[in-house]
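Novice: File name query-v5.txt; file contents compact mmCIF, C-alpha atoms; full text below.
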```txt
# COMPACT_ATOMS: atom_id res chain seq x y z
CA MET A 1014 16.16 -5.74 8.36
CA THR A 1015 13.04 -7.52 9.52
CA ILE A 1016 9.44 -6.34 9.42
CA ARG A 1017 8.26 -6.37 13.01
CA ASP A 1018 5.97 -3.34 13.24
CA VAL A 1019 3.07 -2.93 10.79
CA LEU A 1020 0.45 -0.18 10.54
CA LEU A 1021 -2.97 -0.74 8.97
CA THR A 1022 -4.98 2.32 7.94
CA LEU A 1023 -8.77 2.00 8.10
CA THR A 1024 -10.99 4.59 6.44
CA SER A 1025 -14.12 5.65 8.30
CA TYR A 1026 -15.42 8.32 5.93
CA PRO A 1027 -17.12 8.67 3.52
CA ASP A 1028 -17.24 4.87 3.12
CA PRO A 1029 -15.74 2.43 5.63
CA THR A 1030 -13.02 -0.03 4.70
CA PRO A 1031 -14.52 -3.49 4.01
CA VAL A 1032 -14.05 -5.91 6.91
CA SER A 1033 -12.73 -8.57 4.50
CA VAL A 1034 -9.67 -6.37 3.93
CA ILE A 1035 -8.99 -6.36 7.66
CA ASP A 1036 -8.82 -10.16 7.66
CA ARG A 1037 -6.31 -10.12 4.78
CA ALA A 1038 -4.14 -7.50 6.44
CA VAL A 1039 -4.06 -9.44 9.71
CA SER A 1040 -3.13 -12.59 7.77
CA LEU A 1041 -0.21 -10.77 6.15
CA ALA A 1042 1.01 -9.54 9.55
CA SER A 1043 0.76 -13.10 10.85
CA ILE A 1044 2.84 -14.43 7.93
CA LEU A 1045 5.49 -11.80 8.68
CA GLY A 1046 5.40 -12.53 12.41
CA ALA A 1047 4.84 -8.82 13.04
CA HIS A 1048 2.96 -6.67 15.51
CA ILE A 1049 0.13 -4.80 13.76
CA ALA A 1050 -1.55 -1.57 14.81
CA ALA A 1051 -4.80 -0.44 13.19
CA ILE A 1052 -5.60 3.25 13.02
CA SER A 1053 -8.90 4.89 12.13
CA CYS A 1054 -9.98 8.51 12.37
CA GLU A 1055 -13.20 10.09 13.49
CA ALA A 1056 -13.27 12.59 10.65
CA HIS A 1057 -14.99 15.97 10.86
CA VAL A 1058 -15.94 18.07 7.85
CA GLN A 1059 -14.73 21.64 8.17
CA VAL A 1060 -17.46 24.18 7.42
CA PRO A 1061 -17.01 27.98 7.75
CA GLY A 1062 -18.99 29.49 10.61
CA SER A 1063 -20.87 31.78 8.26
CA PHE A 1064 -22.39 28.76 6.57
CA LEU A 1065 -23.34 27.13 9.86
CA GLY A 1066 -25.35 30.18 10.80
CA GLY A 1067 -27.18 30.36 7.50
CA ALA A 1068 -30.42 28.91 6.30
CA GLY A 1069 -31.09 25.21 6.52
CA ASN A 1070 -29.76 22.64 8.93
CA LEU A 1071 -26.13 22.34 7.80
CA GLY A 1072 -24.82 22.22 11.37
CA SER A 1073 -26.93 19.17 12.17
CA LEU A 1074 -25.82 17.51 8.94
CA VAL A 1075 -22.13 18.05 9.78
CA ALA A 1076 -22.67 16.62 13.27
CA SER A 1077 -24.51 13.64 11.81
CA GLU A 1078 -21.64 12.91 9.39
CA ALA A 1079 -19.12 13.13 12.23
CA HIS A 1080 -21.21 10.67 14.25
CA ARG A 1081 -21.33 8.31 11.27
CA SER A 1082 -17.56 8.54 10.86
CA ARG A 1083 -17.02 7.87 14.59
CA LYS A 1084 -19.29 4.81 14.52
CA ASN A 1085 -17.58 3.47 11.38
CA ALA A 1086 -14.17 3.94 12.99
CA GLN A 1087 -15.22 2.21 16.20
CA ASP A 1088 -16.82 -0.67 14.30
CA LEU A 1089 -13.72 -1.13 12.13
CA LEU A 1090 -11.39 -1.17 15.11
CA ALA A 1091 -13.66 -3.66 16.90
CA ALA A 1092 -13.60 -5.91 13.80
CA PHE A 1093 -9.82 -5.61 13.69
CA GLU A 1094 -9.55 -6.48 17.38
CA GLY A 1095 -11.59 -9.63 16.81
CA ALA A 1096 -9.60 -10.69 13.74
CA ALA A 1097 -6.26 -10.06 15.45
CA ARG A 1098 -7.24 -11.98 18.58
CA LYS A 1099 -8.46 -14.88 16.46
CA SER A 1100 -5.15 -15.00 14.56
CA GLY A 1101 -3.08 -14.64 17.71
CA VAL A 1102 -1.03 -11.68 16.42
CA LEU A 1103 0.26 -8.94 18.68
CA HIS A 1104 -1.80 -5.85 18.02
CA GLU A 1105 -3.16 -2.49 19.15
CA THR A 1106 -5.87 -0.09 18.04
CA ILE A 1107 -5.60 3.67 17.56
CA LEU A 1108 -8.61 5.99 17.33
CA GLU A 1109 -7.85 9.57 16.30
CA ARG A 1110 -10.07 12.61 15.81
CA CYS A 1111 -9.34 15.23 13.16
CA LEU A 1112 -10.68 17.16 10.18
CA THR A 1113 -11.11 15.25 6.93
CA SER A 1114 -8.40 17.42 5.34
CA GLU A 1115 -5.95 16.45 8.10
CA VAL A 1116 -6.32 12.67 7.76
CA PRO A 1117 -3.58 12.08 5.13
CA ASP A 1118 -0.92 14.04 7.06
CA LEU A 1119 -1.87 12.27 10.30
CA LEU A 1120 -1.50 8.86 8.67
CA VAL A 1121 1.88 9.86 7.22
CA GLU A 1122 3.10 10.77 10.71
CA TYR A 1123 2.15 7.35 12.05
CA ALA A 1124 3.55 5.56 8.97
CA ARG A 1125 6.98 7.14 9.45
CA LEU A 1126 7.26 5.25 12.75
CA ARG A 1127 6.44 1.78 11.35
CA ASP A 1128 8.39 -0.77 9.30
CA LEU A 1129 5.53 -1.17 6.83
CA THR A 1130 2.13 0.44 6.32
CA ILE A 1131 -0.77 -1.46 4.77
CA VAL A 1132 -3.20 0.84 2.96
CA PRO A 1133 -6.49 -0.53 1.60
CA VAL A 1134 -7.30 1.13 -1.72
CA PRO A 1135 -10.93 1.51 -2.81
CA GLU A 1136 -12.17 1.23 -6.36
CA SER A 1137 -14.80 3.96 -6.11
CA TYR A 1138 -12.80 7.13 -5.44
CA ASP A 1139 -9.26 8.53 -5.45
CA GLN A 1140 -6.24 7.09 -3.67
CA TRP A 1141 -5.14 10.25 -1.90
CA HIS A 1142 -4.33 8.53 1.41
CA ALA A 1143 -2.19 5.88 -0.32
CA GLU A 1144 -0.34 8.48 -2.39
CA ALA A 1145 0.35 10.62 0.67
CA ILE A 1146 1.82 7.67 2.59
CA ILE A 1147 3.84 6.30 -0.33
CA PHE A 1148 5.51 9.63 -1.05
CA GLY A 1149 5.54 11.15 2.42
CA SER A 1150 6.35 8.40 4.92
CA GLY A 1151 9.84 7.39 3.86
CA ARG A 1152 8.81 3.80 4.57
CA PRO A 1153 7.49 1.01 2.33
CA THR A 1154 3.75 0.96 1.70
CA LEU A 1155 1.75 -2.16 0.89
CA VAL A 1156 -1.35 -1.24 -1.11
CA LEU A 1157 -4.15 -3.73 -0.59
CA PRO A 1158 -7.04 -3.71 -3.11
CA GLU A 1159 -10.46 -3.48 -1.49
CA GLY A 1160 -12.24 -5.36 -4.27
CA PRO A 1161 -13.53 -8.89 -3.63
CA SER A 1162 -10.86 -11.58 -3.82
CA SER A 1163 -11.29 -15.33 -3.98
CA ARG A 1164 -7.64 -15.83 -2.98
CA ALA A 1165 -6.36 -15.92 0.56
CA ALA A 1166 -3.64 -13.45 1.54
CA ASP A 1167 -0.30 -15.04 0.72
CA LEU A 1168 3.29 -14.17 -0.16
CA ASN A 1169 4.32 -17.33 -2.00
CA ARG A 1170 4.84 -15.89 -5.49
CA VAL A 1171 6.40 -12.45 -5.69
CA LEU A 1172 7.00 -10.47 -8.86
CA VAL A 1173 9.64 -7.71 -8.76
CA ALA A 1174 9.37 -4.98 -11.40
CA TRP A 1175 12.98 -4.05 -12.09
CA ASP A 1176 14.32 -1.16 -14.19
CA PHE A 1177 17.61 -0.42 -12.36
CA SER A 1178 16.20 2.84 -10.99
CA ARG A 1179 16.75 4.28 -7.53
CA ALA A 1180 13.10 3.72 -6.60
CA ALA A 1181 13.20 0.08 -7.76
CA ALA A 1182 16.39 -0.53 -5.77
CA ARG A 1183 14.75 0.95 -2.67
CA ALA A 1184 11.68 -1.25 -3.16
CA VAL A 1185 13.77 -4.43 -3.46
CA SER A 1186 15.74 -3.55 -0.34
CA ASP A 1187 12.55 -2.87 1.62
CA ALA A 1188 11.00 -6.12 0.38
CA ILE A 1189 13.89 -8.45 1.30
CA PRO A 1190 12.17 -9.75 4.49
CA ILE A 1191 9.18 -10.69 2.31
CA LEU A 1192 11.28 -12.13 -0.50
CA GLU A 1193 13.01 -14.39 2.04
CA LYS A 1194 9.64 -15.95 2.87
CA ALA A 1195 8.46 -16.41 -0.73
CA ARG A 1196 8.61 -19.74 -2.54
CA GLU A 1197 9.13 -18.08 -5.91
CA VAL A 1198 10.64 -14.71 -6.77
CA ARG A 1199 10.73 -13.39 -10.34
CA ILE A 1200 12.70 -10.33 -11.38
CA LEU A 1201 10.93 -8.86 -14.38
CA THR A 1202 12.37 -6.22 -16.69
CA VAL A 1203 10.13 -4.74 -19.35
CA THR A 1204 12.17 -4.01 -22.48
CA ASN A 1205 11.56 -1.58 -25.34
CA GLU A 1206 9.54 0.65 -23.04
CA LYS A 1207 12.30 2.97 -21.87
CA ALA A 1208 16.09 2.97 -21.71
CA ILE A 1209 17.54 0.72 -19.00
CA SER A 1210 20.88 2.11 -17.81
CA SER A 1211 22.62 -1.21 -17.04
CA ARG A 1212 22.27 -4.36 -19.10
CA ARG A 1213 23.81 -6.40 -16.26
CA SER A 1214 21.48 -5.12 -13.59
CA SER A 1215 19.07 -8.08 -13.39
CA SER A 1216 21.81 -10.68 -13.11
CA GLU A 1217 23.69 -8.60 -10.56
CA LEU A 1218 20.52 -8.13 -8.53
CA ALA A 1219 20.03 -11.91 -8.61
CA LYS A 1220 23.53 -12.33 -7.16
CA ASN A 1221 22.79 -9.82 -4.44
CA LEU A 1222 19.55 -11.55 -3.44
CA SER A 1223 21.22 -14.98 -3.52
CA ARG A 1224 23.47 -13.79 -0.68
CA HIS A 1225 20.28 -13.39 1.35
CA GLY A 1226 19.33 -16.99 0.54
CA ILE A 1227 16.80 -15.88 -2.09
CA ASP A 1228 16.74 -17.83 -5.35
CA VAL A 1229 15.25 -15.83 -8.18
CA ILE A 1230 14.15 -16.26 -11.78
CA VAL A 1231 15.29 -13.47 -14.08
CA GLU A 1232 13.01 -12.62 -16.98
CA GLU A 1233 12.55 -10.00 -19.66
CA VAL A 1234 9.34 -9.24 -21.51
CA ASP A 1235 8.94 -7.00 -24.55
CA SER A 1236 6.44 -4.20 -24.01
CA ALA A 1237 5.39 -4.57 -27.67
CA GLY A 1238 3.94 -1.09 -27.62
CA ARG A 1239 1.85 -1.68 -24.50
CA ALA A 1240 1.83 0.58 -21.45
CA ILE A 1241 4.03 -0.83 -18.71
CA GLY A 1242 1.06 -1.06 -16.32
CA ASP A 1243 -0.71 -3.33 -18.81
CA VAL A 1244 2.41 -5.47 -19.20
CA LEU A 1245 2.74 -5.90 -15.43
CA ALA A 1246 -0.96 -6.72 -15.04
CA ALA A 1247 -0.66 -9.44 -17.72
CA GLN A 1248 2.42 -10.92 -16.02
CA ILE A 1249 0.68 -10.91 -12.64
CA GLU A 1250 -2.20 -12.86 -14.15
CA SER A 1251 -0.08 -15.38 -16.06
CA ARG A 1252 2.32 -15.99 -13.13
CA LYS A 1253 -0.49 -16.06 -10.54
CA ALA A 1254 1.59 -13.70 -8.42
CA ASP A 1255 0.57 -12.94 -4.84
CA LEU A 1256 2.52 -9.69 -4.54
CA LEU A 1257 4.10 -7.10 -6.83
CA VAL A 1258 7.17 -5.15 -5.67
CA MET A 1259 7.93 -1.91 -7.50
CA GLY A 1260 9.35 1.56 -7.09
CA ALA A 1261 6.94 4.47 -6.93
CA TYR A 1262 7.63 7.37 -9.26
CA GLY A 1263 6.27 10.84 -8.75
CA HIS A 1264 6.36 13.93 -6.58
CA SER A 1265 3.99 16.19 -4.74
CA ARG A 1266 3.38 19.82 -5.63
CA PHE A 1267 0.71 21.97 -4.00
CA ARG A 1268 -0.96 18.87 -2.55
CA GLU A 1269 -1.42 17.31 -5.99
CA PHE A 1270 0.58 14.23 -6.87
CA ILE A 1271 2.19 13.91 -10.27
CA LEU A 1272 2.66 10.17 -10.71
CA GLY A 1273 4.75 8.17 -13.14
CA GLY A 1274 2.81 6.13 -15.71
CA ALA A 1275 3.31 2.69 -14.16
CA THR A 1276 2.68 3.98 -10.63
CA ARG A 1277 -0.50 5.74 -11.70
CA SER A 1278 -1.78 2.70 -13.62
CA ILE A 1279 -1.12 0.13 -10.89
CA LEU A 1280 -2.26 2.35 -8.01
CA ALA A 1281 -5.51 3.25 -9.77
CA LYS A 1282 -6.57 -0.39 -9.78
CA PRO A 1283 -4.08 -2.76 -8.12
CA PRO A 1284 -4.78 -6.34 -9.27
CA ILE A 1285 -3.00 -7.79 -6.21
CA PRO A 1286 -1.24 -6.38 -3.14
CA VAL A 1287 1.61 -4.08 -4.25
CA LEU A 1288 4.60 -3.03 -2.18
CA PHE A 1289 5.61 0.49 -3.22
CA SER A 1290 8.76 2.32 -2.14
CA HIS A 1291 9.80 5.84 -3.06
```
Take the structure I supplied and represent it as structure tokens, if you would.

Specialist:
Amino acid sequence: MTIRDVLLTLTSYPDPTPVSVIDRAVSLASILGAHIAAISCEAHVQVPGSFLGGAGNLGSLVASEAHRSRKNAQDLLAAFEGAARKSGVLHETILERCLTSEVPDLLVEYARLRDLTIVPVPESYDQWHAEAIIFGSGRPTLVLPEGPSSRAADLNRVLVAWDFSRAAARAVSDAIPILEKAREVRILTVTNEKAISSRRSSSELAKNLSRHGIDVIVEEVDSAGRAIGDVLAAQIESRKADLLVMGAYGHSRFREFILGGATRSILAKPPIPVLFSH
């Protein structure tokens, strides 16, 4: 498998995605040699008609917010167009129009038709769009932190969180095109955190990846009573990793996601780009 078709989601409401994230996403697509499509939605807030006809000027406020969302979306897509042209990557822009409540499902539909979806994740509010795509698209999702970064987008050092689970195996398989481009790949198993079903799994995974021309370093680290998210964050910092690859654990019920501990911890505040697969 190769990654040739990438989707970038850009949020227009309530706060627009920072333009700096667009530059990083385009750089990643360039490194992968992939086509990248950026999608943004003109989002409309749904208000019952009875409220619109009541006191005050709620109708004008709703229209004003829709206009703000449309302008943000257009500005973001224009910034993406400029960044993509400058980098020389094949690209397209997609402008949709829908209710705010419909945005996650719309993005999932587009993500199902792409090899990889890049989702910027803000620090200021929830990660509902990212969660919806991770668990609903059936495709790998690369979560890109929106916070300021002094490091350029790169894929040189990749850390693989490995626990011999189905989700971790799916994530490694999805990440192989990226691992093939990395200079350094570390398979990390956190011990004494939960039972690992195969003691040979890391070495066997290393053999499997070697047949793809990927040389890996196999490591174990004791959790020492720490939450696995904290352990991974510390390893990312000490190894100066550019990307974390991990399985996503959780399920959706009544539109509320119940996430596994490591998934919840990393997704809440990703220290670096993270490739999730479910």

Novice: Near stretch 1033-1046 of chain A, within 7 Å and counting all atoms listed in the file, which residues show up once chain neighbours fewer than 2 positions away are dropped, as a compact mmCIF listing (two decimals) with C-alpha atoms, keeping the file's coordinate frame?

Specialist:
```txt
# COMPACT_ATOMS: atom_id res chain seq x y z
CA ILE A 1016 9.44 -6.34 9.42
CA ARG A 1017 8.26 -6.37 13.01
CA PRO A 1031 -14.52 -3.49 4.01
CA HIS A 1048 2.96 -6.67 15.51
CA ILE A 1049 0.13 -4.80 13.76
CA PHE A 1093 -9.82 -5.61 13.69
CA ALA A 1096 -9.60 -10.69 13.74
CA ALA A 1097 -6.26 -10.06 15.45
CA VAL A 1102 -1.03 -11.68 16.42
CA GLU A 1159 -10.46 -3.48 -1.49
CA ALA A 1166 -3.64 -13.45 1.54
CA ASP A 1167 -0.30 -15.04 0.72
```

Novice: Between atom CA of A:Ile1189 and atom CA of A:Val1121, what distance in Å does the model show, to one decimal?

Specialist: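 Computing it gives 22.7 Å between the two atoms.
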
Novice: Need to verify the contact set: A:Ser1053, 7 Å, all atoms listed in the file, exclusion of same-chain residues closer than 3 positions in sequence. Can you return it as a list in words?

Specialist: Thr1022, Leu1023, Thr1024, Ser1025, Ala1086, Ile1107, Leu1108 and Glu1109 of chain A

Novice: Take every atom of stretch 1201-1206 of chain A listed in the file, pad by 3 Å on each side, and give me the axis-aligned box centre and edge lengths in Å, one decimal, as JSON.

Specialist:
```
{"center_x": 11.0, "center_y": -4.1, "center_z": -19.9, "size_x": 8.8, "size_y": 15.5, "size_z": 17.0}
```

Novice: What gap, in Å, lies between atom CA of A:Ala1050 and atom CA of A:Ala1195?

Specialist: 23.7 Å

Novice: Just checking: using only C-alpha atoms, which residue out of A:Ala1174, A:Asn1221, A:Asn1085, A:Leu1090 ends up closest to A:Leu1201?

Specialist: A:Ala1174

Novice: Using only C-alpha atoms, can you tell me which of A:Val1231, A:Ile1241, A:Ile1146, A:Ala1219 comes closest to A:Val1116?

Specialist: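 Once distances to A:Val1116 are computed over only C-alpha atoms, the minimum belongs to A:Ile1146.
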
Novice: Using all atoms listed in the file for the distances, tell me which of A:Thr1130, A:Ser1100, A:Ser1150, A:Asn1205 is nearest to A:Ser1236.

Specialist: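 Answer, going by the shortest atom-to-atom distance: A:Asn1205.
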
Novice: What separation in Å, quoted to one decimal, exists between atom CA of A:Pro1135 and atom CA of A:Glu1094?

Specialist: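 If I compute the distance from atom CA of A:Pro1135 to atom CA of A:Glu1094, I get 21.8 Å.
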
Novice: Taking all atoms listed in the file into account, name the residue in A:Ile1279, A:Val1132, A:Arg1152, A:Ala1143 that is nearest to A:Ala1188.

Specialist: A:Arg1152

Novice: Need to verify the contact set: A:Arg1125, 12 Å, only C-alpha atoms, exclusion of same-chain residues closer than 6 positions in sequence. Can you return it as a count of residues only?

Specialist: 15

Novice: Name the residues in contact with A:Val1185 at a cut-off of 9 Å, using only C-alpha atoms, excluding same-chain residues fewer than 3 positions from it; report them as a count of residues only.

Specialist: 12

Novice: Which residue gives the smallest distance to A:Thr1202 among A:Ser1278, A:Ser1215, A:Ser1251, A:Ser1186, with all atoms listed in the file counted?

Specialist: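 Ranking A:Ser1278, A:Ser1215, A:Ser1251, A:Ser1186 by distance to A:Thr1202, first place goes to A:Ser1215.
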
Novice: Can you pull out every residue within 12 Å of A:Asp1243, counting only C-alpha atoms, but drop anything in the same chain fewer than 4 positions away, and send it as a tab-separated table (two decimals) with C-alpha atoms, in the frame of the given file?

Specialist:
```tsv
chain	number	residue	atom	x	y	z
A	1203	VAL	CA	10.13	-4.74	-19.35
A	1206	GLU	CA	9.54	0.65	-23.04
A	1234	VAL	CA	9.34	-9.24	-21.51
A	1235	ASP	CA	8.94	-7.00	-24.55
A	1236	SER	CA	6.44	-4.20	-24.01
A	1237	ALA	CA	5.39	-4.57	-27.67
A	1238	GLY	CA	3.94	-1.09	-27.62
A	1239	ARG	CA	1.85	-1.68	-24.50
A	1247	ALA	CA	-0.66	-9.44	-17.72
A	1248	GLN	CA	2.42	-10.92	-16.02
A	1249	ILE	CA	0.68	-10.91	-12.64
A	1250	GLU	CA	-2.20	-12.86	-14.15
A	1274	GLY	CA	2.81	6.13	-15.71
A	1275	ALA	CA	3.31	2.69	-14.16
A	1276	THR	CA	2.68	3.98	-10.63
A	1277	ARG	CA	-0.50	5.74	-11.70
A	1278	SER	CA	-1.78	2.70	-13.62
A	1279	ILE	CA	-1.12	0.13	-10.89
A	1282	LYS	CA	-6.57	-0.39	-9.78
A	1283	PRO	CA	-4.08	-2.76	-8.12
A	1284	PRO	CA	-4.78	-6.34	-9.27
```
